[in-house]
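Peer 1: Below are the structure tokens for one structure; questions will follow.
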Amino acid sequence: MQKIFIVLFFLFIGAQINAQVIHIETKNTSLVFSVSKKGKVYQSHYGGHLKSIKGIEKIQSYISEIYPSFGNGSSDEVAVIVTHSDGTMATDLFYQSHEQKLSDGVQETVVHLKDKKLPFFVDLCFRAYQEENVIEQNVVISHQEKGEVRLDQFASSALAFKAESYYLTHFNGSWAREMHISEEKLSNGVKSIETRRGVRTTEYENPSFVMALNQAASEDNGEVIMGALAWMGNYKLSFQVDDQERCQFIGGINLFASAYTISAGEKFETPRMILTYNSSGKNQASINLHRWARKYNLQDGNAIRPIVLNSWEGAYFNFDAARLKEMMDGAAEMGVEIFVLDDGWFGNKYPRNSDKAGLGDWQVNRKKLPAGIDNLIDYTERKGMKFGIWVEPEMVNPKSELAENHPEWIIQRKNNREPILTRNQLLLDLANPKVQDFVFGIIDNLLSEHSRIAYIKWDANRHIQNFGSTFLDDDKQSHLWIDYSRGLESVFFRLQEKYPGIIFQACSSGGGRVDFSSMKYTHEFWASDDTDPYERLFIQWGTNHIYPPIATAAHVTKSPNHQTGRETSLKFRFDVAFGGRLGMELRPDDLEPEQVDYAKSAIKLYKEIRPVIQFGDLYRLQSPYDSDGFASINYVLPDKSEAILMVYSHEFHRRMERAVVKMKGLDEDALYKITELNKAAKRPHIVFDNQIISGSVLMNTGFKVNLKKPLESAVFKVEKVTGESSAN
Ligand code: GLA
């Protein structure tokens with residue numbers, strides 16, 4: 001009897017294992033995997049939250065394997081391709097076990113898989129952020145085979161979708177035209193978003209996407225999955241629509257010329273893929289990512305960002321201490337909080353007076369700045385501001401002492417092939433730990449010798465073209481792409497550990513480093529070298545689909561600026577820069593006295609409203625990409641007590657119509673007072689300025705904003721009136 005009981009017990013356990021269901025969940029979303037009777041793990045669901053998963057494995061709505069591998073029958077895009085140590089290329093992954101725990105609002109799940117025949121292991125790690133509805137995934141690959149194993153593909157995430165049609169939104173452009181939105185309906189075949197530049201990887205295409213199921217993505221309707229890879233190197237996100245109308249997504253490092261070998265016991269960890277699902281359109285998906293980033297993936301995401309004046313567009317390489325002090329005087333007068341000295345302050349044997357020389361020689365240029373950096377810091381502090389400085393530590397000009405002393409540190413093609421130059425510079429080999437120490441040391445020296453430096457602008461102005469490393473073994477040259485990015489990340493990590501609180505900006509020829517990996521170690525990014533406010537409307541619109549406004553550095557420059565030559569009013573320039581982390585980038589002396597007065601009041605105003613912009617939720621109301629000539633957004637504090645509305649006209653519109661705006665995200669049951677801010681003219685742009693209006697009306701009854709000419713703008717504060725009810 002007892003024997004029968006034991007047998008039955010084990011049968012029961014066995015049945016349990018076969019019927020394993022793994023439920024990864026956030027407040028509003030569920031990602032479910034089921035283990036089949038044979039021990040294969042399949043994705044059963046990614047979408048709205050399932051209150052109960054009972055029976056999900058029975059309906060066998062398997063969409064795809066959790067981590068499709070090459071060599072087990074599939075001809076589709078796969079997540080992993082391996083050449084095992086015995087030379088075989090078949091990999092067939094089976095469920096071993098999984099564990100799950102929930103703490104501090106994050107559910108962590110690890111699913112352990114193993115190859116059917118060989119000691120080759122894949123751990124899939126998921127972190128589900130409960131309140132933010134974000135799921136982060138990465139993968140750890142290891143083995144205990146006899147020799148080395150070669151990885152030819154290793155995705156961070158594999159997800160499958162089942163819908164009637166698929167609409168992909170992605171963000172691309174060029175230098176000074178980053179993050180422009182492209183939307184397309186996917187047809188059968190593979191569409192991939194990728195880069196093969198190694199460094200400065202987000203300048204032309206960003207590692208992020210919006211996938212809308214069954215209908216084109218709209219702000220407030222439809223099922224969308226928004227995703228982004230947290231990686232500073234080459235990436236590839238591919239979407240394959242097959243004959244069954246299934247869409248298989250595989251995202252991670254781009255394996256282009258990047259085969260990677262690992263020895264027994266070594267763990268290969270992929271970057272994180274960040275995902276959010278939302279059943280009511282794109283806007284909420286963006287809000288999910290912004291909230292998640294501020295809390296978990298941005299340095300000091302809960303700290304107010306100071307207003308910066310950066311010297312670049314005001315002085316370029318052409319300055320001395322007197323010119324900088326004159327700029328500091330003007331900055332302080334306008335209310336700026338940090339003065340940042342950009343490129344051109346270093347190099348003696350080869351002074352950095354243009355982009356042709358000096359890069360790599362991080363000693364203060366004695367001719368331009370004979371009294372050194374501390375003298376400038378003293379002056380900035382006397383003016384009530386803090387001091388920041390520009391560096392481009394991954395790079396070197398051939399005309400520099402660094403290139404003379406350490407030619408072996410440069411990424412280069414062997415056999416004396418001519419180096420290919422971009423902006424007259426070359427890249428240092430961050431795969432080499434000595435170079436990592438050198439790069440770390442540049443910032444470490446600056447911050448320890450000048451402990452009052454409060455801000456570092458970290459630039460990177462070229463990508464990898466002279467592929468080759470003198471550090472890596474000949475049979476490991478293909479590791480360079482990945483080891484470079486890992487080396488860079490380790491330097492960022494060390495600096496953050498040692499210098500918490502120092503503000504870091506990720507810049508890379510403008511928006512070449514806008515990704516969730518660099519963001520983890522920095523406070524903000526430079527969205528684009530194009531500071532023309534008309535262009536910025538489009539760039540910031542795309543950027544803020546994925547990345548939060550608090551981290552989006554937006555500077556007011558002179559008009560016409562150096563990129564487009566377009567004339568714009570100072571008000572328009574401020575109103576567009578208000579949309580992110582406001583800064584300035586001009587020579588204050590170039591402003592007329594009344595412009596200085598205007599800038600002063602605009603900066604004062606931004607200081608009042610920045611908590612709403614930096615910590616509020618961003619709602620996109622009218623897109624500049626639509627052709628009606630207007631764009632509008634509003635930001636709302638999480639408790640809905642205050643909102644800032646911004647409306648822009650960006651083109652001639654034939655009928656001279658007014659913008660008709662419906663706000664979003666307010667409390668329907670509350671009353672709000674709406675007041676125009678930052679006025680350049682006496683007449684307000686709405687007929688109900690300073691009036692009390694219900695949240696319901698502001699959101700549902702379109703109201704007119706009187707912008708008659710192109711490149712005009714209006715900004716409003718919308719503040720909850722307490723103690724009064726909206727009922728009639
Ligand atoms: C890059 C940056 C600019 C500026 C220059 C300096 O282009 O994007 O903001 O710092 O380098 O050389």
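Residues in the structure tokens are numbered from 1 in each chain, the chains being A, B, ... in the order shown, and ligands are numbered from 1 in the order shown.
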Residues within 8 Å of ligand 1 (only C-alpha atoms and all ligand atoms), as number ranges by chain?
Peer 2: A: 312-313, 316, 342-344, 355, 390, 457, 459-461, 507-511, 526, 528-529
Peer 1: Residues near A:Thr470, anyone? I mean within 12 Å using only C-alpha atoms, not counting same-chain ones fewer than 2 positions away, as a ChimeraX atom specification.
Peer 2: /A:406-415,428-432,435,466-468,472-477,480
Peer 1: What's around A:Gly189 at 10 Å? Count only C-alpha atoms, leave out sequence neighbours fewer than 5 positions away in its own chain, and write the answer as a list in words.
Peer 2: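 So the residues in contact are Phe239, Gln240, Val241, Asp242, Asp243 and Cys247 of chain A.
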Peer 1: Which is closer to A:Ile262 than all the others in A:Thr83, A:Gln614, A:Asn445, A:Asn561, using only C-alpha atoms?
Peer 2: A:Thr83
Peer 1: Per residue of stretch 497-565 of chain A within 10 Å of stretch 645-652 of chain A, note the shortest atom pair and the distance in Å to one decimal, counting only C-alpha atoms, and order the rows by chain and increasing residue number, as a Markdown table.
Peer 2:
| residue | atom | partner | partner_atom | distance |
| --- | --- | --- | --- | --- |
| A:Pro533 | CA | A:His650 | CA | 9.6 |
| A:Tyr534 | CA | A:His650 | CA | 6.7 |
| A:Glu535 | CA | A:His650 | CA | 9.7 |
| A:Leu537 | CA | A:His650 | CA | 8.6 |
Peer 1: Tell me, in Å to one decimal, how far atom CA of A:Thr522 is from atom CA of A:Ala551.
Peer 2: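 Rounded to one decimal, the two atoms are 8.8 Å apart.
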Peer 1: Excluding same-chain residues fewer than 5 positions from A:His112, what lies within 10 Å of it counting only C-alpha atoms, as a PyMOL selection string?
Peer 2: chain A and resi 93-99+121-125+140
Peer 1: I need the residues from that last selection saved to file as a compact mmCIF listing (two decimals), in the first residue's frame (with N, CA, C and O atoms), if you can.
Peer 2:
# COMPACT_ATOMS: atom_id res chain seq x y z
N LEU A 93 17.24 22.93 -26.58
CA LEU A 93 17.20 23.34 -25.18
C LEU A 93 15.94 22.84 -24.47
O LEU A 93 14.82 22.98 -24.98
N PHE A 94 16.15 22.27 -23.29
CA PHE A 94 15.05 21.70 -22.50
C PHE A 94 15.02 22.30 -21.11
O PHE A 94 16.05 22.71 -20.56
N TYR A 95 13.83 22.32 -20.56
CA TYR A 95 13.59 22.86 -19.22
C TYR A 95 14.34 22.04 -18.17
O TYR A 95 14.31 20.81 -18.17
N GLN A 96 15.01 22.74 -17.24
CA GLN A 96 15.64 22.09 -16.10
C GLN A 96 14.88 22.45 -14.82
O GLN A 96 14.48 21.59 -14.06
N SER A 97 14.75 23.74 -14.59
CA SER A 97 14.07 24.21 -13.37
C SER A 97 13.86 25.72 -13.54
O SER A 97 14.36 26.32 -14.49
N HIS A 98 13.13 26.28 -12.62
CA HIS A 98 13.07 27.74 -12.60
C HIS A 98 12.84 28.20 -11.18
O HIS A 98 12.39 27.43 -10.33
N GLU A 99 13.20 29.44 -10.91
CA GLU A 99 12.89 29.99 -9.59
C GLU A 99 12.37 31.41 -9.75
O GLU A 99 12.65 32.08 -10.74
N PHE A 121 24.37 25.32 -21.22
CA PHE A 121 23.26 25.84 -20.40
C PHE A 121 22.87 27.26 -20.81
O PHE A 121 23.72 28.09 -21.13
N VAL A 122 21.59 27.51 -20.73
CA VAL A 122 21.08 28.86 -20.98
C VAL A 122 20.15 29.23 -19.82
O VAL A 122 19.20 28.50 -19.53
N ASP A 123 20.46 30.31 -19.15
CA ASP A 123 19.57 30.82 -18.10
C ASP A 123 18.88 32.07 -18.62
O ASP A 123 19.55 33.03 -19.02
N LEU A 124 17.56 32.04 -18.61
CA LEU A 124 16.80 33.22 -19.05
C LEU A 124 16.37 33.98 -17.80
O LEU A 124 15.70 33.42 -16.94
N CYS A 125 16.77 35.23 -17.71
CA CYS A 125 16.50 36.01 -16.49
C CYS A 125 15.51 37.12 -16.82
O CYS A 125 15.72 37.89 -17.77
N VAL A 140 21.99 34.35 -19.71
CA VAL A 140 23.36 33.97 -19.34
C VAL A 140 23.64 32.60 -19.95
O VAL A 140 22.90 31.65 -19.71
Peer 1: Got a sec: who's within 7 Å of A:Tyr166, counting only C-alpha atoms, leaving out chain neighbours fewer than 5 positions off, as a list of chain:residue names?
Peer 2: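 The filter keeps A:Lys185, A:Leu186, A:Met211, A:Ala212, A:Leu213, A:Asn214.
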Peer 1: Next, dump the selected residues to file, keeping only N, CA, C and O atoms, as a PDB file, in the first residue's frame.
Peer 2:
ATOM      1  N   LYS A 185       3.964  48.913 -42.203  1.00  0.00           N
ATOM      2  CA  LYS A 185       3.280  47.637 -41.999  1.00  0.00           C
ATOM      3  C   LYS A 185       4.252  46.552 -42.431  1.00  0.00           C
ATOM      4  O   LYS A 185       4.840  46.642 -43.517  1.00  0.00           O
ATOM      5  N   LEU A 186       4.441  45.551 -41.598  1.00  0.00           N
ATOM      6  CA  LEU A 186       5.394  44.503 -41.955  1.00  0.00           C
ATOM      7  C   LEU A 186       4.748  43.534 -42.928  1.00  0.00           C
ATOM      8  O   LEU A 186       3.614  43.095 -42.731  1.00  0.00           O
ATOM      9  N   MET A 211       5.897  47.950 -31.574  1.00  0.00           N
ATOM     10  CA  MET A 211       5.201  46.990 -32.424  1.00  0.00           C
ATOM     11  C   MET A 211       3.714  47.091 -32.112  1.00  0.00           C
ATOM     12  O   MET A 211       3.311  46.902 -30.961  1.00  0.00           O
ATOM     13  N   ALA A 212       2.918  47.443 -33.118  1.00  0.00           N
ATOM     14  CA  ALA A 212       1.472  47.532 -32.898  1.00  0.00           C
ATOM     15  C   ALA A 212       0.812  46.339 -33.572  1.00  0.00           C
ATOM     16  O   ALA A 212       1.153  45.988 -34.706  1.00  0.00           O
ATOM     17  N   LEU A 213      -0.106  45.726 -32.861  1.00  0.00           N
ATOM     18  CA  LEU A 213      -0.745  44.523 -33.383  1.00  0.00           C
ATOM     19  C   LEU A 213      -2.102  44.867 -33.997  1.00  0.00           C
ATOM     20  O   LEU A 213      -2.869  45.631 -33.415  1.00  0.00           O
ATOM     21  N   ASN A 214      -2.357  44.348 -35.161  1.00  0.00           N
ATOM     22  CA  ASN A 214      -3.655  44.430 -35.859  1.00  0.00           C
ATOM     23  C   ASN A 214      -4.015  45.791 -36.439  1.00  0.00           C
ATOM     24  O   ASN A 214      -4.835  45.875 -37.340  1.00  0.00           O
TER      25      ASN A 214
END
Peer 1: Between atom CA of A:Met328 and atom CA of A:Tyr379, what is the distance, to one decimal in Å?
Peer 2: 8.1 Å
Peer 1: Need the shell around stretch 661-664 of chain A: protein/DNA/RNA residues with any atom at most 10 Å away, counting only C-alpha atoms. Skip same-chain ones fewer than 4 positions apart. Format as a list of chain:residue names?
Peer 2: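 Close residues of stretch 661-664 of chain A: A:Leu618, A:Tyr619, A:Arg620, A:Leu621, A:Gln622, A:Phe630, A:Ala631, A:Ser632, A:Ile633, A:Asn634, A:Tyr635, A:Val636, A:Ala643, A:Ile644, A:Leu645, A:Val647, A:Glu668, A:Gly695, A:Ser696, A:Val697, A:Leu698, A:Met699, A:Asn700, A:Thr701, A:Gly702, A:Phe703, A:Lys704, A:Val705.
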Peer 1: Work out how far apart atom CA of A:Glu77 and atom CA of A:Ile63 are and give it in Å to one decimal.
Peer 2: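 Taking atom CA of A:Glu77 and atom CA of A:Ile63, their separation equals 13.9 Å.
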Peer 1: At a cut-off of 10 Å, can you tabulate as CSV every residue of stretch 433-495 of chain A near stretch 359-370 of chain A together with its closest atom pair and the distance in Å to one decimal, using only C-alpha atoms and ordering rows by chain then number?
Peer 2:
residue,atom,partner,partner_atom,distance
A:Val439,CA,A:Gly360,CA,9.5
A:Ile442,CA,A:Trp362,CA,7.0
A:Ile443,CA,A:Trp362,CA,9.5
A:Asn445,CA,A:Trp362,CA,9.6
A:Leu446,CA,A:Trp362,CA,8.9
Peer 1: Could you pull out the strand (DSSP E or B) residues of stretch 125-244 of chain A, going by DSSP on the backbone, and write them as a ChimeraX atom specification?
Peer 2: /A:125-129,134-143,149-162,166-172,180-185,189-194,205-213,222-230,235-241
Peer 1: For a quick check of understanding, using only C-alpha atoms, which of A:Glu676, A:Ile373, A:Asn424, A:Pro306 has the smallest distance to A:Gly580?
Peer 2: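 Among the listed residues, the smallest separation from A:Gly580 belongs to A:Pro306.
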Peer 1: Which one is closest to A:Phe438: A:Tyr499, A:Glu594, A:Leu402, A:Tyr260? Count only C-alpha atoms.
Peer 2: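 The answer is A:Leu402, which sits nearest to A:Phe438.
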Peer 1: Using only C-alpha atoms, find the one residue out of A:Arg513, A:Arg382, A:Ala714, A:Glu333 that sits nearest to A:Pro593.
Peer 2: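 That would be A:Glu333, the residue with the smallest distance to A:Pro593.
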Peer 1: Could you name the residues that touch A:Ser280 at 8 Å or less, counting only C-alpha atoms, but leaving out those on the same chain fewer than 6 positions away, as a PyMOL selection string?
Peer 2: chain A and resi 219-224
Peer 1: Could you write out the selected residues, including N, CA and C atoms, as a PDB file, in the first residue's frame?
Peer 2:
ATOM      1  N   GLU A 219      -1.859  56.777 -30.356  1.00  0.00           N
ATOM      2  CA  GLU A 219      -1.455  57.139 -28.992  1.00  0.00           C
ATOM      3  C   GLU A 219      -2.337  56.481 -27.936  1.00  0.00           C
ATOM      4  N   ASP A 220      -3.636  56.362 -28.232  1.00  0.00           N
ATOM      5  CA  ASP A 220      -4.551  55.923 -27.176  1.00  0.00           C
ATOM      6  C   ASP A 220      -5.300  54.639 -27.464  1.00  0.00           C
ATOM      7  N   ASN A 221      -5.015  54.013 -28.587  1.00  0.00           N
ATOM      8  CA  ASN A 221      -5.744  52.799 -28.919  1.00  0.00           C
ATOM      9  C   ASN A 221      -4.806  51.716 -29.401  1.00  0.00           C
ATOM     10  N   GLY A 222      -5.222  50.498 -29.154  1.00  0.00           N
ATOM     11  CA  GLY A 222      -4.535  49.372 -29.754  1.00  0.00           C
ATOM     12  C   GLY A 222      -3.483  48.748 -28.859  1.00  0.00           C
ATOM     13  N   GLU A 223      -3.167  47.495 -29.225  1.00  0.00           N
ATOM     14  CA  GLU A 223      -2.163  46.754 -28.466  1.00  0.00           C
ATOM     15  C   GLU A 223      -0.775  47.105 -28.983  1.00  0.00           C
ATOM     16  N   VAL A 224       0.099  47.489 -28.086  1.00  0.00           N
ATOM     17  CA  VAL A 224       1.465  47.792 -28.512  1.00  0.00           C
ATOM     18  C   VAL A 224       2.485  47.146 -27.574  1.00  0.00           C
TER      19      VAL A 224
END
